[in-house]
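Chemist: What follows is data30.pdb; its format and atoms are PDB, C-alpha atoms.
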ATOM      1  CA  MET A   1       0.000   0.000   0.000  1.00  0.00           C
ATOM      2  CA  SER A   2       1.520   3.344  -1.021  1.00  0.00           C
ATOM      3  CA  HIS A   3       1.812   6.291   1.355  1.00  0.00           C
ATOM      4  CA  ILE A   4      -0.896   8.178  -0.515  1.00  0.00           C
ATOM      5  CA  THR A   5      -3.243   5.199  -0.346  1.00  0.00           C
ATOM      6  CA  LYS A   6      -2.610   4.885   3.393  1.00  0.00           C
ATOM      7  CA  ARG A   7      -3.312   8.583   3.942  1.00  0.00           C
ATOM      8  CA  LEU A   8      -6.533   8.441   1.947  1.00  0.00           C
ATOM      9  CA  PHE A   9      -7.594   5.327   3.871  1.00  0.00           C
ATOM     10  CA  VAL A  10      -7.024   7.110   7.201  1.00  0.00           C
ATOM     11  CA  ILE A  11      -8.924  10.205   6.026  1.00  0.00           C
ATOM     12  CA  ILE A  12     -11.876   8.107   4.835  1.00  0.00           C
ATOM     13  CA  CYS A  13     -11.974   6.101   8.079  1.00  0.00           C
ATOM     14  CA  GLY A  14     -11.845   9.319  10.103  1.00  0.00           C
ATOM     15  CA  ALA A  15     -14.669  10.846   8.062  1.00  0.00           C
ATOM     16  CA  LYS A  16     -16.803   7.730   8.599  1.00  0.00           C
ATOM     17  CA  LEU A  17     -16.231   7.929  12.351  1.00  0.00           C
ATOM     18  CA  ILE A  18     -17.171  11.591  12.393  1.00  0.00           C
ATOM     19  CA  VAL A  19     -20.357  10.892  10.432  1.00  0.00           C
ATOM     20  CA  GLY A  20     -21.260   8.337  13.088  1.00  0.00           C
ATOM     21  CA  PHE A  21     -20.476  10.510  16.106  1.00  0.00           C
ATOM     22  CA  ALA A  22     -20.949  14.138  15.043  1.00  0.00           C
ATOM     23  CA  PRO A  23     -22.110  14.634  11.443  1.00  0.00           C
ATOM     24  CA  SER A  24     -22.414  18.414  11.907  1.00  0.00           C
ATOM     25  CA  TYR A  25     -18.594  18.624  11.812  1.00  0.00           C
ATOM     26  CA  LEU A  26     -18.685  17.738   8.115  1.00  0.00           C
ATOM     27  CA  THR A  27     -20.754  20.782   7.177  1.00  0.00           C
ATOM     28  CA  LEU A  28     -18.676  22.674   4.646  1.00  0.00           C
ATOM     29  CA  ASP A  29     -19.176  26.033   3.020  1.00  0.00           C
ATOM     30  CA  ALA A  30     -17.118  28.049   0.561  1.00  0.00           C
ATOM     31  CA  SER A  31     -15.553  30.366   3.156  1.00  0.00           C
ATOM     32  CA  SER A  32     -14.389  27.430   5.300  1.00  0.00           C
ATOM     33  CA  ALA A  33     -12.862  25.754   2.239  1.00  0.00           C
ATOM     34  CA  LEU A  34     -11.083  28.963   1.240  1.00  0.00           C
ATOM     35  CA  VAL A  35      -9.719  29.522   4.752  1.00  0.00           C
ATOM     36  CA  GLY A  36      -8.486  25.923   4.918  1.00  0.00           C
ATOM     37  CA  ILE A  37      -6.772  26.070   1.521  1.00  0.00           C
ATOM     38  CA  LEU A  38      -5.182  29.451   2.259  1.00  0.00           C
ATOM     39  CA  LEU A  39      -3.966  28.194   5.628  1.00  0.00           C
ATOM     40  CA  GLY A  40      -2.450  25.137   3.935  1.00  0.00           C
ATOM     41  CA  MET A  41      -0.660  27.331   1.394  1.00  0.00           C
ATOM     42  CA  CYS A  42       0.605  29.641   4.175  1.00  0.00           C
ATOM     43  CA  CYS A  43       1.954  26.625   6.055  1.00  0.00           C
ATOM     44  CA  LEU A  44       3.759  25.527   2.901  1.00  0.00           C
ATOM     45  CA  ALA A  45       5.276  28.993   2.406  1.00  0.00           C
ATOM     46  CA  ILE A  46       6.387  29.203   6.051  1.00  0.00           C
ATOM     47  CA  HIS A  47       7.878  25.712   5.873  1.00  0.00           C
ATOM     48  CA  VAL A  48       9.878  26.634   2.769  1.00  0.00           C
ATOM     49  CA  ALA A  49      11.005  29.938   4.326  1.00  0.00           C
ATOM     50  CA  LEU A  50      12.132  28.320   7.595  1.00  0.00           C
ATOM     51  CA  ALA A  51      13.973  25.586   5.707  1.00  0.00           C
ATOM     52  CA  GLY A  52      15.893  28.226   3.752  1.00  0.00           C
ATOM     53  CA  GLY A  53      14.233  27.376   0.453  1.00  0.00           C
ATOM     54  CA  LEU A  54      13.569  24.186  -1.371  1.00  0.00           C
ATOM     55  CA  LYS A  55      16.402  21.733  -0.998  1.00  0.00           C
ATOM     56  CA  LEU A  56      15.191  19.225  -3.531  1.00  0.00           C
ATOM     57  CA  ARG A  57      16.786  18.283  -6.778  1.00  0.00           C
ATOM     58  CA  SER A  58      14.544  18.241  -9.816  1.00  0.00           C
ATOM     59  CA  ALA A  59      15.031  14.453  -9.907  1.00  0.00           C
ATOM     60  CA  ASP A  60      13.380  14.257  -6.447  1.00  0.00           C
ATOM     61  CA  LEU A  61      10.159  15.834  -7.688  1.00  0.00           C
ATOM     62  CA  GLY A  62       8.507  12.839  -9.270  1.00  0.00           C
ATOM     63  CA  PRO A  63       4.774  12.252  -9.578  1.00  0.00           C
ATOM     64  CA  GLY A  64       4.621  10.557  -6.165  1.00  0.00           C
ATOM     65  CA  MET A  65       6.251  13.517  -4.399  1.00  0.00           C
ATOM     66  CA  CYS A  66       3.937  16.000  -6.104  1.00  0.00           C
ATOM     67  CA  LYS A  67       0.852  13.943  -5.168  1.00  0.00           C
ATOM     68  CA  THR A  68       2.015  13.685  -1.562  1.00  0.00           C
ATOM     69  CA  ILE A  69       2.625  17.433  -1.318  1.00  0.00           C
ATOM     70  CA  ALA A  70      -0.786  18.172  -2.808  1.00  0.00           C
ATOM     71  CA  LEU A  71      -2.452  15.692  -0.471  1.00  0.00           C
ATOM     72  CA  ILE A  72      -0.835  17.152   2.631  1.00  0.00           C
ATOM     73  CA  TYR A  73      -1.205  20.863   1.911  1.00  0.00           C
ATOM     74  CA  LEU A  74      -4.472  20.884  -0.024  1.00  0.00           C
ATOM     75  CA  LEU A  75      -6.415  18.127   1.723  1.00  0.00           C
ATOM     76  CA  GLU A  76      -5.061  17.180   5.144  1.00  0.00           C
ATOM     77  CA  LEU A  77      -4.318  20.644   6.527  1.00  0.00           C
ATOM     78  CA  PRO A  78      -7.641  22.132   5.405  1.00  0.00           C
ATOM     79  CA  ALA A  79      -9.411  19.008   6.699  1.00  0.00           C
ATOM     80  CA  GLU A  80      -7.944  19.650  10.144  1.00  0.00           C
ATOM     81  CA  GLU A  81      -9.449  23.131  10.087  1.00  0.00           C
ATOM     82  CA  PHE A  82     -12.859  21.803   9.055  1.00  0.00           C
ATOM     83  CA  LEU A  83     -12.889  19.026  11.611  1.00  0.00           C
ATOM     84  CA  HIS A  84     -11.620  21.067  14.582  1.00  0.00           C
ATOM     85  CA  PRO A  85     -13.714  24.236  14.582  1.00  0.00           C
ATOM     86  CA  GLY A  86     -12.409  26.907  16.869  1.00  0.00           C
TER      87      GLY A  86
END
Reformat the file's structure so that it appears as structure tokens.
Modeler:
Amino acid sequence: MSHITKRLFVIICGAKLIVGFAPSYLTLDASSALVGILLGMCCLAIHVALAGGLKLRSADLGPGMCKTIALIYLLELPAEEFLHPG
């Protein structure tokens, strides 16, 4: 099982648990989605800035790496914001 498949499996299982226990947490509107995506992109920018830039060779950026980055910053981080309302 690839890392991406494992992550998707965990996200799906978590969503199913939430539907069972508190379905109102899965209510999503456009402003929440925008805030989550912007927060994910800000986290990416801060991570790159603190690391002193990208330290990857172009050979490191294969399709798997790009999918993992997209999954983390565009799905997992916004999902945390949706599922843990402040």
Chemist: For atom CA of A:Ile12 and atom CA of A:Ile69, quote the distance in Å rounded to one decimal.
Modeler: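 Straight-line distance from atom CA of A:Ile12 to atom CA of A:Ile69 works out to 18.3 Å.
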Chemist: What would the selection look like, as a list in words, if the PyMOL selection byres ((chain A and resi 35) around 12) were run on the coordinates I just shared?
Modeler: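 Expected selection for the PyMOL selection byres ((chain A and resi 35) around 12) here is Leu28, Asp29, Ala30, Ser31, Ser32, Ala33, Leu34, Gly36, Ile37, Leu38, Leu39, Gly40, Met41, Cys42, Leu74, Leu77, Pro78, Ala79, Glu80, Glu81, Phe82 and Pro85 of chain A.
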Chemist: As an exercise, work out the distance from atom CA of A:Gly53 to atom CA of A:Arg7 in Å and give it to one decimal place.
Modeler: 25.9 Å
Chemist: Pick out the closest residue to A:Cys43 from this set: A:Ala22, A:Ser2, A:Leu17, A:Glu76. Count all atoms listed in the file.
Modeler: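 For A:Cys43, the nearest of the candidates is A:Glu76.
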Chemist: Please indicate the distance in Å from atom CA of A:Gly52 to atom CA of A:Lys67, rounded to one decimal place.
Modeler: 22.6 Å
Chemist: Just the residues within 10 Å of A:His3, please, counting only C-alpha atoms, with nothing from its chain fewer than 3 positions along; format it as a PDB file with C-alpha atoms, in the frame of the given file.
Modeler:
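See part14.pdb below for the written result:
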ATOM      1  CA  LYS A   6      -2.610   4.885   3.393  1.00  0.00           C
ATOM      2  CA  ARG A   7      -3.312   8.583   3.942  1.00  0.00           C
ATOM      3  CA  LEU A   8      -6.533   8.441   1.947  1.00  0.00           C
ATOM      4  CA  PHE A   9      -7.594   5.327   3.871  1.00  0.00           C
ATOM      5  CA  GLY A  64       4.621  10.557  -6.165  1.00  0.00           C
ATOM      6  CA  THR A  68       2.015  13.685  -1.562  1.00  0.00           C
TER       7      THR A  68
END
Chemist: Mind working out the centre and edge lengths of an axis-aligned box for stretch 54-63 of chain A, all listed atoms inside, 8 Å added to each side, rounded to one decimal in Å and written as AutoDock Vina command-line options?
Modeler:
--center_x 10.8 --center_y 18.2 --center_z -5.5 --size_x 28.0 --size_y 27.9 --size_z 24.9
Chemist: Atoms are missing here; could stretch 50-61 of chain A be completed with all heavy atoms and written as a short mmCIF file (atom, residue, chain, number, x, y, z; two decimals), in the coordinates of the input?
Modeler:
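Result file follows (rebuild_39.cif):
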data_model
loop_
_atom_site.label_atom_id
_atom_site.label_comp_id
_atom_site.auth_asym_id
_atom_site.auth_seq_id
_atom_site.Cartn_x
_atom_site.Cartn_y
_atom_site.Cartn_z
N LEU A 50 11.34 28.76 6.44
CA LEU A 50 12.13 28.32 7.60
C LEU A 50 13.23 27.33 7.21
O LEU A 50 14.28 27.28 7.84
CB LEU A 50 11.22 27.69 8.66
CG LEU A 50 10.28 28.65 9.37
CD1 LEU A 50 9.36 27.89 10.31
CD2 LEU A 50 11.06 29.72 10.13
N ALA A 51 12.98 26.56 6.16
CA ALA A 51 13.97 25.59 5.71
C ALA A 51 15.05 26.25 4.85
O ALA A 51 16.01 25.60 4.47
CB ALA A 51 13.29 24.48 4.91
N GLY A 52 14.90 27.53 4.57
CA GLY A 52 15.89 28.23 3.75
C GLY A 52 15.72 27.94 2.27
O GLY A 52 16.67 27.99 1.52
N GLY A 53 14.52 27.66 1.86
CA GLY A 53 14.23 27.38 0.45
C GLY A 53 14.03 25.89 0.22
O GLY A 53 14.10 25.08 1.13
N LEU A 54 13.75 25.58 -1.00
CA LEU A 54 13.57 24.19 -1.37
C LEU A 54 14.93 23.53 -1.55
O LEU A 54 15.77 24.05 -2.27
CB LEU A 54 12.76 24.07 -2.67
CG LEU A 54 11.32 24.54 -2.59
CD1 LEU A 54 10.67 24.50 -3.96
CD2 LEU A 54 10.53 23.68 -1.62
N LYS A 55 15.12 22.43 -0.91
CA LYS A 55 16.40 21.73 -1.00
C LYS A 55 16.23 20.40 -1.71
O LYS A 55 16.79 19.40 -1.32
CB LYS A 55 16.98 21.53 0.39
CG LYS A 55 17.27 22.85 1.07
CD LYS A 55 17.81 22.69 2.46
CE LYS A 55 18.03 24.07 3.04
NZ LYS A 55 18.49 24.06 4.39
N LEU A 56 15.43 20.42 -2.75
CA LEU A 56 15.19 19.23 -3.53
C LEU A 56 15.83 19.37 -4.91
O LEU A 56 15.84 20.46 -5.47
CB LEU A 56 13.69 18.99 -3.71
CG LEU A 56 12.89 18.70 -2.45
CD1 LEU A 56 11.41 18.71 -2.78
CD2 LEU A 56 13.29 17.36 -1.88
N ARG A 57 16.30 18.29 -5.40
CA ARG A 57 16.79 18.28 -6.78
C ARG A 57 15.58 18.05 -7.67
O ARG A 57 14.58 17.48 -7.24
CB ARG A 57 17.81 17.17 -6.98
CG ARG A 57 19.03 17.32 -6.08
CD ARG A 57 19.93 16.13 -6.29
NE ARG A 57 19.15 14.89 -6.08
CZ ARG A 57 19.41 14.01 -5.13
NH1 ARG A 57 20.40 14.18 -4.31
NH2 ARG A 57 18.68 12.92 -5.01
N SER A 58 15.67 18.45 -8.91
CA SER A 58 14.54 18.24 -9.82
C SER A 58 14.24 16.76 -9.97
O SER A 58 13.09 16.38 -10.20
CB SER A 58 14.81 18.89 -11.17
OG SER A 58 15.97 18.34 -11.76
N ALA A 59 15.25 15.90 -9.81
CA ALA A 59 15.03 14.45 -9.91
C ALA A 59 14.18 13.94 -8.74
O ALA A 59 13.52 12.91 -8.87
CB ALA A 59 16.37 13.73 -9.94
N ASP A 60 14.17 14.66 -7.61
CA ASP A 60 13.38 14.26 -6.45
C ASP A 60 11.89 14.52 -6.63
O ASP A 60 11.07 13.92 -5.96
CB ASP A 60 13.84 15.00 -5.19
CG ASP A 60 15.25 14.63 -4.77
OD1 ASP A 60 15.67 13.50 -5.08
OD2 ASP A 60 15.91 15.47 -4.14
N LEU A 61 11.56 15.44 -7.51
CA LEU A 61 10.16 15.83 -7.69
C LEU A 61 9.47 14.97 -8.74
O LEU A 61 9.12 15.44 -9.81
CB LEU A 61 10.06 17.31 -8.08
CG LEU A 61 10.45 18.28 -6.98
CD1 LEU A 61 10.45 19.70 -7.51
CD2 LEU A 61 9.50 18.15 -5.80
#
